[in-house]
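One file, entry-v1.tsv, is given below (TSV, C-alpha atoms and all ligand atoms).
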chain	number	residue	atom	x	y	z
Q	1197	MET	CA	148.34	114.46	165.69
Q	1198	ARG	CA	147.59	112.59	162.47
Q	1199	ILE	CA	149.29	109.27	161.79
Q	1200	LEU	CA	149.26	106.88	158.85
Q	1201	ILE	CA	149.28	103.10	159.26
Q	1202	ALA	CA	150.15	100.86	156.32
Q	1203	GLU	CA	149.67	97.21	157.24
Q	1204	ASP	CA	148.39	94.40	155.03
Q	1205	ASP	CA	147.30	92.09	157.85
Q	1206	PRO	CA	143.75	93.20	158.77
Q	1207	ILE	CA	143.94	92.08	162.40
Q	1208	SER	CA	147.24	93.83	163.09
Q	1209	ARG	CA	145.95	96.92	161.27
Q	1210	ARG	CA	142.75	97.02	163.33
Q	1211	LEU	CA	144.74	96.55	166.54
Q	1212	LEU	CA	147.03	99.46	165.64
Q	1213	GLU	CA	144.06	101.65	164.71
Q	1214	VAL	CA	142.37	101.05	168.05
Q	1215	THR	CA	145.54	101.41	170.12
Q	1216	LEU	CA	146.70	104.62	168.41
Q	1217	GLY	CA	143.19	106.03	168.59
Q	1218	LYS	CA	143.23	105.44	172.34
Q	1219	TRP	CA	146.54	107.33	172.58
Q	1220	GLY	CA	144.91	110.34	170.97
Q	1221	TYR	CA	146.16	109.99	167.40
Q	1222	GLU	CA	143.96	110.75	164.44
Q	1223	VAL	CA	144.47	107.55	162.45
Q	1224	MET	CA	144.47	107.00	158.69
Q	1225	SER	CA	145.14	103.49	157.50
Q	1226	CYS	CA	145.62	101.48	154.34
Q	1227	PRO	CA	146.41	97.84	153.43
Q	1228	ASP	CA	149.34	98.34	151.01
Q	1229	GLY	CA	152.36	100.41	150.05
Q	1230	GLU	CA	150.86	102.00	146.92
Q	1231	SER	CA	148.00	103.51	148.93
Q	1232	ALA	CA	150.41	104.67	151.63
Q	1233	TRP	CA	152.63	106.41	149.10
Q	1234	ALA	CA	149.58	108.05	147.48
Q	1235	MET	CA	148.24	109.21	150.85
Q	1236	LEU	CA	151.58	110.62	151.96
Q	1237	GLN	CA	151.75	112.81	148.84
Q	1238	GLN	CA	148.40	114.48	149.54
Q	1239	PRO	CA	148.49	118.04	150.85
Q	1240	GLY	CA	148.12	118.00	154.63
Q	1241	ALA	CA	149.17	114.33	154.79
Q	1242	PRO	CA	150.18	112.90	158.21
Q	1243	SER	CA	153.82	113.61	159.03
Q	1244	LEU	CA	154.07	110.43	161.09
Q	1245	ALA	CA	153.79	107.01	159.42
Q	1246	ILE	CA	153.98	103.42	160.63
Q	1247	LEU	CA	154.86	101.17	157.70
Q	1248	ASP	CA	154.78	97.43	157.73
Q	1249	TRP	CA	157.85	96.15	155.90
Q	1250	MET	CA	156.28	93.12	154.24
Q	1251	MET	CA	153.33	94.09	152.10
Q	1252	PRO	CA	152.18	92.83	148.71
Q	1253	GLY	CA	153.21	95.09	145.83
Q	1254	MET	CA	155.14	98.09	147.09
Q	1255	ASP	CA	156.61	97.20	150.48
Q	1256	GLY	CA	157.44	99.48	153.42
Q	1257	LEU	CA	161.03	99.82	152.30
Q	1258	GLN	CA	160.01	101.10	148.88
Q	1259	VAL	CA	157.62	103.59	150.44
Q	1260	CYS	CA	160.49	104.94	152.56
Q	1261	ARG	CA	162.68	105.25	149.49
Q	1262	GLU	CA	160.01	107.10	147.48
Q	1263	VAL	CA	159.22	109.50	150.30
Q	1264	ARG	CA	162.88	110.40	150.81
Q	1265	GLN	CA	163.51	110.81	147.10
Q	1266	MET	CA	160.41	112.79	146.20
Q	1267	MET	CA	159.47	114.73	149.29
Q	1268	THR	CA	161.71	117.11	151.13
Q	1269	GLU	CA	159.23	119.17	153.10
Q	1270	PRO	CA	157.32	118.81	155.28
Q	1271	TYR	CA	159.35	116.02	156.84
Q	1272	THR	CA	157.69	112.61	157.18
Q	1273	TYR	CA	158.82	110.57	160.16
Q	1274	MET	CA	158.65	106.89	159.22
Q	1275	LEU	CA	158.68	103.92	161.56
Q	1276	LEU	CA	159.24	100.62	159.81
Q	1277	LEU	CA	157.83	97.32	161.12
Q	1278	PRO	CA	160.06	94.40	160.07
Q	1279	ALA	CA	159.32	90.80	161.05
Q	1280	LYS	CA	161.77	89.03	163.35
Q	1281	SER	CA	163.24	87.14	160.41
Q	1282	GLN	CA	164.20	90.42	158.71
Q	1283	LYS	CA	166.31	91.71	161.56
Q	1284	ALA	CA	169.44	91.29	159.44
Q	1285	ASP	CA	168.02	93.70	156.80
Q	1286	ILE	CA	167.54	96.55	159.26
Q	1287	ILE	CA	170.48	98.49	157.84
Q	1288	ALA	CA	168.85	98.40	154.42
Q	1289	GLY	CA	165.68	99.79	155.99
Q	1290	LEU	CA	167.48	102.68	157.63
Q	1291	GLU	CA	169.40	103.35	154.43
Q	1292	ALA	CA	166.13	103.53	152.54
Q	1293	GLY	CA	165.18	106.44	154.78
Q	1294	ALA	CA	163.27	104.96	157.70
Q	1295	ASP	CA	163.80	106.97	160.89
Q	1296	ASP	CA	163.27	104.06	163.25
Q	1297	TYR	CA	162.05	100.47	163.33
Q	1298	LEU	CA	160.25	98.14	165.70
Q	1299	THR	CA	160.47	94.39	165.16
Q	1300	LYS	CA	157.21	92.45	165.19
Q	1301	PRO	CA	155.76	91.32	167.47
Q	1302	PHE	CA	156.28	94.44	169.56
Q	1303	ASP	CA	155.25	95.72	172.91
Q	1304	ALA	CA	152.60	98.48	172.85
Q	1305	SER	CA	154.35	100.66	175.41
Q	1306	GLU	CA	157.56	100.53	173.37
Q	1307	LEU	CA	155.66	101.66	170.28
Q	1308	ARG	CA	154.19	104.49	172.29
Q	1309	MET	CA	157.65	105.69	173.36
Q	1310	ARG	CA	159.09	105.39	169.86
Q	1311	LEU	CA	156.26	107.50	168.49
Q	1312	ARG	CA	156.85	110.08	171.18
Q	1313	ALA	CA	160.50	110.31	170.09
Q	1314	GLY	CA	159.33	110.74	166.50
Q	1315	ARG	CA	157.07	113.60	167.49
Q	1316	ARG	CA	159.95	115.33	169.22
Q	1317	ILE	CA	161.94	115.16	165.98
Q	1318	LEU	CA	158.97	116.52	164.02
Q	1319	ASP	CA	158.52	119.39	166.49
Q	1320	LEU	CA	162.19	120.30	166.19
Q	1321	GLN	CA	161.92	120.12	162.41
Q	1322	ALA	CA	158.90	122.44	162.38
Q	1323	GLU	CA	160.75	124.88	164.61
Q	1324	LEU	CA	163.78	124.88	162.29
Q	1325	ILE	CA	161.61	125.53	159.26
Q	1326	PHE	CA	159.88	128.38	161.06
Q	1327	VAL	CA	163.20	129.99	161.99
Q	1328	ARG	CA	164.57	129.53	158.46
Q	1329	GLU	CA	161.46	131.15	156.92
Q	1330	GLU	CA	161.75	133.99	159.40
Q	1331	LEU	CA	165.39	134.53	158.38
Q	1332	ARG	CA	164.40	134.42	154.73
Q	1333	THR	CA	161.76	137.07	155.34
Q	1334	GLN	CA	164.29	139.19	157.20
Q	1335	ALA	CA	166.76	138.92	154.34
Q	1336	THR	CA	164.26	140.06	151.71
Q	1337	HIS	CA	162.05	142.47	153.65
Q	1338	ASP	CA	162.35	145.86	155.20
Q	1339	SER	CA	161.79	145.47	158.95
Q	1340	LEU	CA	160.00	148.80	159.42
Q	1341	THR	CA	157.45	148.68	156.60
Q	1342	ARG	CA	157.40	144.89	156.04
Q	1343	LEU	CA	157.66	145.63	152.31
Q	1344	LEU	CA	160.35	144.01	150.17
Q	1345	ASN	CA	163.75	145.60	150.56
Q	1346	ARG	CA	165.66	147.25	147.74
Q	1347	ALA	CA	167.65	144.18	146.67
Q	1348	ALA	CA	164.58	141.93	146.60
Q	1349	THR	CA	162.56	144.52	144.65
Q	1350	CYS	CA	165.34	144.88	142.08
Q	1351	ASP	CA	165.49	141.08	141.76
Q	1352	ILE	CA	161.79	141.02	140.96
Q	1353	LEU	CA	162.12	143.89	138.50
Q	1354	GLN	CA	165.00	142.18	136.69
Q	1355	ARG	CA	163.08	138.92	136.48
Q	1356	GLU	CA	159.88	140.62	135.30
Q	1357	LEU	CA	161.76	142.68	132.70
Q	1358	GLU	CA	163.23	139.51	131.23
Q	1359	ARG	CA	159.86	137.79	131.26
Q	1360	ALA	CA	158.14	140.78	129.64
Q	1361	GLU	CA	160.75	140.85	126.89
Q	1362	ARG	CA	160.41	137.12	126.29
Q	1363	GLU	CA	156.63	137.21	126.18
Q	1364	GLN	CA	156.37	140.62	124.51
Q	1365	LEU	CA	154.33	142.08	127.35
Q	1366	PRO	CA	154.20	145.55	128.79
Q	1367	LEU	CA	155.74	146.26	132.18
Q	1368	SER	CA	155.79	149.47	134.16
Q	1369	ILE	CA	157.36	150.74	137.32
Q	1370	ILE	CA	156.43	153.54	139.67
Q	1371	LEU	CA	158.94	155.35	141.83
Q	1372	ALA	CA	157.11	157.11	144.67
Q	1373	ASP	CA	158.57	159.50	147.20
Q	1374	ILE	CA	156.89	161.00	150.29
Q	1375	ASP	CA	156.80	164.79	150.01
Q	1376	PHE	CA	158.68	166.85	152.60
Q	1377	PHE	CA	159.46	163.78	154.66
Q	1378	LYS	CA	162.35	165.50	156.38
Q	1379	ARG	CA	159.94	168.19	157.55
Q	1380	ILE	CA	157.62	165.51	159.01
Q	1381	ASN	CA	160.55	164.05	160.92
Q	1382	ASP	CA	161.72	167.48	162.13
Q	1383	THR	CA	158.23	168.59	163.16
Q	1384	TYR	CA	156.78	165.45	164.71
Q	1385	GLY	CA	159.85	163.37	165.54
Q	1386	HIS	CA	161.29	160.16	164.13
Q	1387	LEU	CA	158.67	157.86	165.66
Q	1388	ALA	CA	156.00	159.80	163.79
Q	1389	GLY	CA	158.20	159.58	160.68
Q	1390	ASP	CA	158.31	155.80	161.06
Q	1391	ALA	CA	154.53	155.70	161.47
Q	1392	VAL	CA	154.15	157.72	158.26
Q	1393	LEU	CA	156.38	155.24	156.38
Q	1394	ARG	CA	154.38	152.28	157.70
Q	1395	GLU	CA	151.01	153.89	157.00
Q	1396	THR	CA	152.03	154.93	153.48
Q	1397	SER	CA	153.29	151.39	152.77
Q	1398	GLN	CA	150.04	149.81	153.92
Q	1399	ASN	CA	147.92	152.26	151.94
Q	1400	MET	CA	149.93	151.67	148.77
Q	1401	LYS	CA	149.75	147.93	149.24
Q	1402	ALA	CA	145.96	148.13	149.53
Q	1403	VAL	CA	145.73	149.93	146.17
Q	1404	VAL	CA	148.04	147.77	144.03
Q	1405	ARG	CA	147.16	144.36	142.60
Q	1406	PRO	CA	148.21	141.26	144.57
Q	1407	TYR	CA	150.81	140.29	141.98
Q	1408	ASP	CA	152.50	143.69	141.82
Q	1409	GLY	CA	155.88	143.98	143.50
Q	1410	ILE	CA	156.22	146.72	146.06
Q	1411	GLY	CA	159.37	147.56	147.94
Q	1412	ARG	CA	161.07	150.23	149.99
Q	1413	TYR	CA	163.69	151.53	147.59
Q	1414	GLY	CA	165.38	154.01	149.89
Q	1415	GLY	CA	164.58	156.19	152.93
Q	1416	GLU	CA	161.14	157.50	151.97
Q	1417	GLU	CA	161.18	156.20	148.42
Q	1418	PHE	CA	159.21	153.20	147.12
Q	1419	LEU	CA	159.54	151.15	143.95
Q	1420	LEU	CA	156.52	149.39	142.47
Q	1421	VAL	CA	156.87	146.73	139.77
Q	1422	LEU	CA	153.72	146.28	137.67
Q	1423	PRO	CA	153.86	143.25	135.36
Q	1424	GLY	CA	151.55	143.38	132.32
Q	1425	CYS	CA	150.80	147.05	132.93
Q	1426	ASP	CA	151.40	149.58	130.16
Q	1427	ASN	CA	152.20	153.27	130.55
Q	1428	GLU	CA	148.57	154.31	130.67
Q	1429	GLY	CA	147.54	151.64	133.19
Q	1430	ALA	CA	150.49	152.50	135.39
Q	1431	ALA	CA	149.66	156.22	135.25
Q	1432	THR	CA	146.08	155.46	136.32
Q	1433	LEU	CA	147.29	153.28	139.18
Q	1434	ALA	CA	149.82	155.93	140.23
Q	1435	GLU	CA	147.04	158.52	140.31
Q	1436	ARG	CA	144.90	156.21	142.47
Q	1437	ILE	CA	147.80	155.72	144.86
Q	1438	ARG	CA	148.37	159.49	144.99
Q	1439	GLU	CA	144.69	160.11	145.81
Q	1440	SER	CA	144.58	157.35	148.41
Q	1441	ILE	CA	147.63	158.68	150.24
Q	1442	GLU	CA	146.42	162.28	150.11
Q	1443	SER	CA	142.97	161.36	151.45
Q	1444	ASN	CA	144.38	159.36	154.37
Q	1445	PRO	CA	146.29	161.71	156.64
Q	1446	LEU	CA	147.82	160.04	159.67
Q	1447	ALA	CA	146.17	160.79	163.01
Q	1448	LEU	CA	148.67	160.63	165.87
Q	1449	ALA	CA	148.74	162.03	169.38
Q	1450	GLU	CA	151.07	164.70	167.96
Q	1451	GLY	CA	148.35	165.83	165.55
Q	1452	ILE	CA	146.97	165.04	162.12
Q	1453	ILE	CA	149.85	164.63	159.69
Q	1454	PRO	CA	148.98	165.22	156.03
Q	1455	ILE	CA	150.87	162.91	153.70
Q	1456	THR	CA	151.37	163.33	149.97
Q	1457	LEU	CA	153.38	161.43	147.39
Q	1458	SER	CA	155.17	162.43	144.22
Q	1459	LEU	CA	155.29	159.64	141.66
Q	1460	GLY	CA	157.27	158.92	138.51
Q	1461	VAL	CA	156.04	156.30	136.03
Q	1462	ALA	CA	158.18	154.52	133.41
Q	1463	SER	CA	157.40	151.60	131.11
Q	1464	ASN	CA	159.45	149.07	129.20
Q	1465	ASP	CA	158.50	150.66	125.87
Q	1466	ILE	CA	161.23	153.23	126.46
Q	1467	THR	CA	163.94	150.86	127.70
Q	1468	GLN	CA	164.34	147.20	128.70
Q	1469	ASN	CA	167.38	147.96	130.82
Q	1470	MET	CA	166.72	147.92	134.57
Q	1471	GLU	CA	168.99	150.80	135.54
Q	1472	GLY	CA	167.71	152.78	132.56
Q	1473	LEU	CA	164.10	152.19	133.53
Q	1474	ILE	CA	164.64	153.17	137.16
Q	1475	GLY	CA	166.59	156.22	135.94
Q	1476	ALA	CA	163.68	157.22	133.70
Q	1477	ALA	CA	161.16	156.83	136.56
Q	1478	ASP	CA	163.50	158.85	138.75
Q	1479	ALA	CA	163.65	161.61	136.14
Q	1480	ALA	CA	159.83	161.67	136.02
Q	1481	LEU	CA	159.71	161.75	139.83
Q	1482	TYR	CA	162.15	164.67	139.77
Q	1483	ARG	CA	159.76	166.52	137.45
Q	1484	ALA	CA	156.82	165.73	139.77
Q	1485	LYS	CA	158.76	167.32	142.63
Q	1486	ASN	CA	159.69	170.36	140.56
Q	1487	ASN	CA	156.14	170.81	139.29
Q	1488	GLY	CA	154.72	171.20	142.76
Q	1489	ARG	CA	154.75	167.68	144.33
Q	1490	ASN	CA	151.66	165.55	145.14
Q	1491	ARG	CA	151.45	164.60	141.46
Q	1492	VAL	CA	152.24	161.95	138.87
Q	1493	GLU	CA	154.65	162.41	135.98
Q	1494	ILE	CA	155.32	159.95	133.19
Q	1495	ALA	CA	158.77	159.26	131.77
Q	1496	ALA	CA	159.38	159.92	128.08
Q	1497	HIS	CA	162.06	158.60	125.73
Q	1498	THR	CA	164.10	161.70	126.50
Q	1499	ASP	CA	164.43	160.50	130.09
Q	1500	THR	CA	166.80	157.73	129.02
Q	1501	LEU	CA	169.80	157.22	126.84
Q	1502	GLU	CA	170.28	154.06	124.81
Q	1503	ASP	CA	172.84	152.69	127.22
Q	1504	GLY	CA	170.73	153.42	130.25
Q	1505	VAL	CA	172.78	156.35	131.52
Q	1506	LEU	CA	170.72	159.01	133.28
Q	1507	THR	CA	170.05	162.29	131.55
Q	1508	PHE	CA	168.57	163.81	134.69
Q	1509	PRO	CA	170.17	164.41	138.05
Q	1510	LEU	CA	168.99	162.31	141.00
Q	1511	SER	CA	165.94	163.30	143.03
Q	1512	PRO	CA	166.34	166.43	145.09
Q	1513	SER	CA	167.26	165.61	148.67
Q	1514	SER	CA	164.98	168.38	149.94
Q	1515	GLY	CA	162.08	165.89	149.64
H	1	MG	MG	152.87	92.43	156.27

Can you dump the structure from the file as C-alpha cells?
Amino acid sequence: MRILIAEDDPISRRLLEVTLGKWGYEVMSCPDGESAWAMLQQPGAPSLAILDWMMPGMDGLQVCREVRQMMTEPYTYMLLLPAKSQKADIIAGLEAGADDYLTKPFDASELRMRLRAGRRILDLQAELIFVREELRTQATHDSLTRLLNRAATCDILQRELERAEREQLPLSIILADIDFFKRINDTYGHLAGDAVLRETSQNMKAVVRPYDGIGRYGGEEFLLVLPGCDNEGAATLAERIRESIESNPLALAEGIIPITLSLGVASNDITQNMEGLIGAADAALYRAKNNGRNRVEIAAHTDTLEDGVLTFPLSPSSG
C-alpha cells in the first residue's frame, strides 16, 4: 500500500521512510505541506498520509482542510503528528479533517497499529464505493443485456436533443426490433430467447461508435441515440447493424438460430421533441415490418405531427 509522509525535519522523515518501508509500505515523502497537497491531488495518489502538524508554509492542519474541502473521492486517510505542546489543539486538528493523530515523540508499534486501523477504514470505504457503483449500474442498466435500460436511454436522448438544439447539430435515433422474436421463444425456449437478446445487444454495440447511446427500449426492441449523426449517416449505420445481425446467426445446442432486425431511423430535422422523434422512428420501424422485415426505413415529416402526437399506430405485436 502506498503512503505519503510530509515531515520537515529530515531525520524524522528518514526514520519514517525506513520504518514504513520495512513494514511493507510503498513510501512517498516530502518536506512541506505545499508538496504534500500537490502530491495528494495527483491521480493515483496514496490514500494514506502521515502529516506533520508543524511545517513551514502550509502546515499539516491546512493540508487536512484542503483535502477535505477539495477532494471527496477516493477517500484520503490522514494521520496528523502534533508535538506534545500542541496537545490542546487536537480538537482543531480533528475538526480540520484529520482521521487520527499521534503525538510526537511516538512509539513505532503504536504508529503501526494506528496505520492498520486506517487501512481498515480505507478498505471499508472502497467496499462501500464498489457497492454503490454496482447499485448505480443496476439502476440504469438492463440486467439481461447489460445495455442501458429504457429510462436511462431516454435521459440520454433528452439531454442530447437539448444539446443538439443548442449547438445546431444533427442527431438521429434508431429503433430496432428483432424479427419474429416470439417465434424464436416458442421454437427454442426462453433461455434461447435470452441468448438471442444478449447476442444481438453485443453485436449492435460492436457496430456503433463508443459515444453512441444504446439501450433496451422494451422486450426485443432497442433504442440507439446517435449524437452528431444526420439522417444519411444514421441510415448507413442502421444498414451496417442490419447486415451484422443477419450475418451472425446464433449457434446453440438447440440449433443455429437466424436473427434479423427491422430498423426505423429518425433525425432531429423532423422534430426536436423526444416523444415525437421516438414516434417517428416507431412509424418507420412499423413500415420496415410491413415491407418484409430485415430492413431499414427512414422516417419522413409525415411520420410526426407538430405537437409530437403519433400519426401511425404502434409496432405490430406479431414481431
Ligand atoms: Mg515539523

As a ChimeraX atom specification, please: the residues near segment 1258-1269 of chain Q (cut-off 7 Å, all atoms listed in the file, same-chain neighbours under 5 positions excluded). /Q:1229,1233,1292-1294

Tell me which of Q:Leu1311, Q:Thr1272, Q:Asn1381, Q:Gly1515 sits closest to Met1235 of chain Q, counting all atoms listed in the file. Q:Thr1272

List all protein, DNA and RNA residues that have an atom no more than 12 Å from any atom of ligand MG 1 (chain H), counting all atoms listed in the file, and report them as JSON, numbers by chain. {"Q": [1201, 1202, 1203, 1204, 1205, 1206, 1207, 1208, 1209, 1226, 1227, 1228, 1229, 1246, 1247, 1248, 1249, 1250, 1251, 1252, 1253, 1254, 1255, 1256, 1257, 1276, 1277, 1278, 1279, 1280, 1282, 1299, 1300, 1301]}

Correct to one decimal, the distance atom CA of Gly1289 of chain Q-atom CA of Ala1245 of chain Q is 14.3 Å

Skipping near chain neighbours, those fewer than 5 positions away, what residues fall within 12 Å of segment 1328-1334 of chain Q using only C-alpha atoms, listed as a VMD selection string? chain Q and resid 1321 to 1323 1339 to 1345 1348

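Atom CA of Arg1394 of chain Q lies 12.7 Å from atom CA of Asn1444 of chain Q.
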
Pick from Q:Leu1275, Q:Ala1313, Q:Gly1424, Q:Ala1477, whichever lies nearest to Glu1363 of chain Q using all atoms listed in the file: Q:Gly1424

Interatomic distance (Å, one decimal) between atom CA of Tyr1384 of chain Q and atom CA of Glu1435 of chain Q: 27.2 Å

Show me as number ranges by chain the residues that reach within 12 Å of (156.5, 164.9, 150.7), counting all atoms listed in the file and using the file's own coordinates. Q: 1372-1381, 1389, 1392-1393, 1396, 1416-1417, 1438, 1441-1442, 1453-1459, 1481, 1484-1486, 1488-1491, 1512-1515

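If you measure from each of Q:Ser1368, Q:Ser1231, Q:Thr1349, Q:Thr1215 to Leu1433 of chain Q using all atoms listed in the file, the closest one turns out to be Q:Ser1368.
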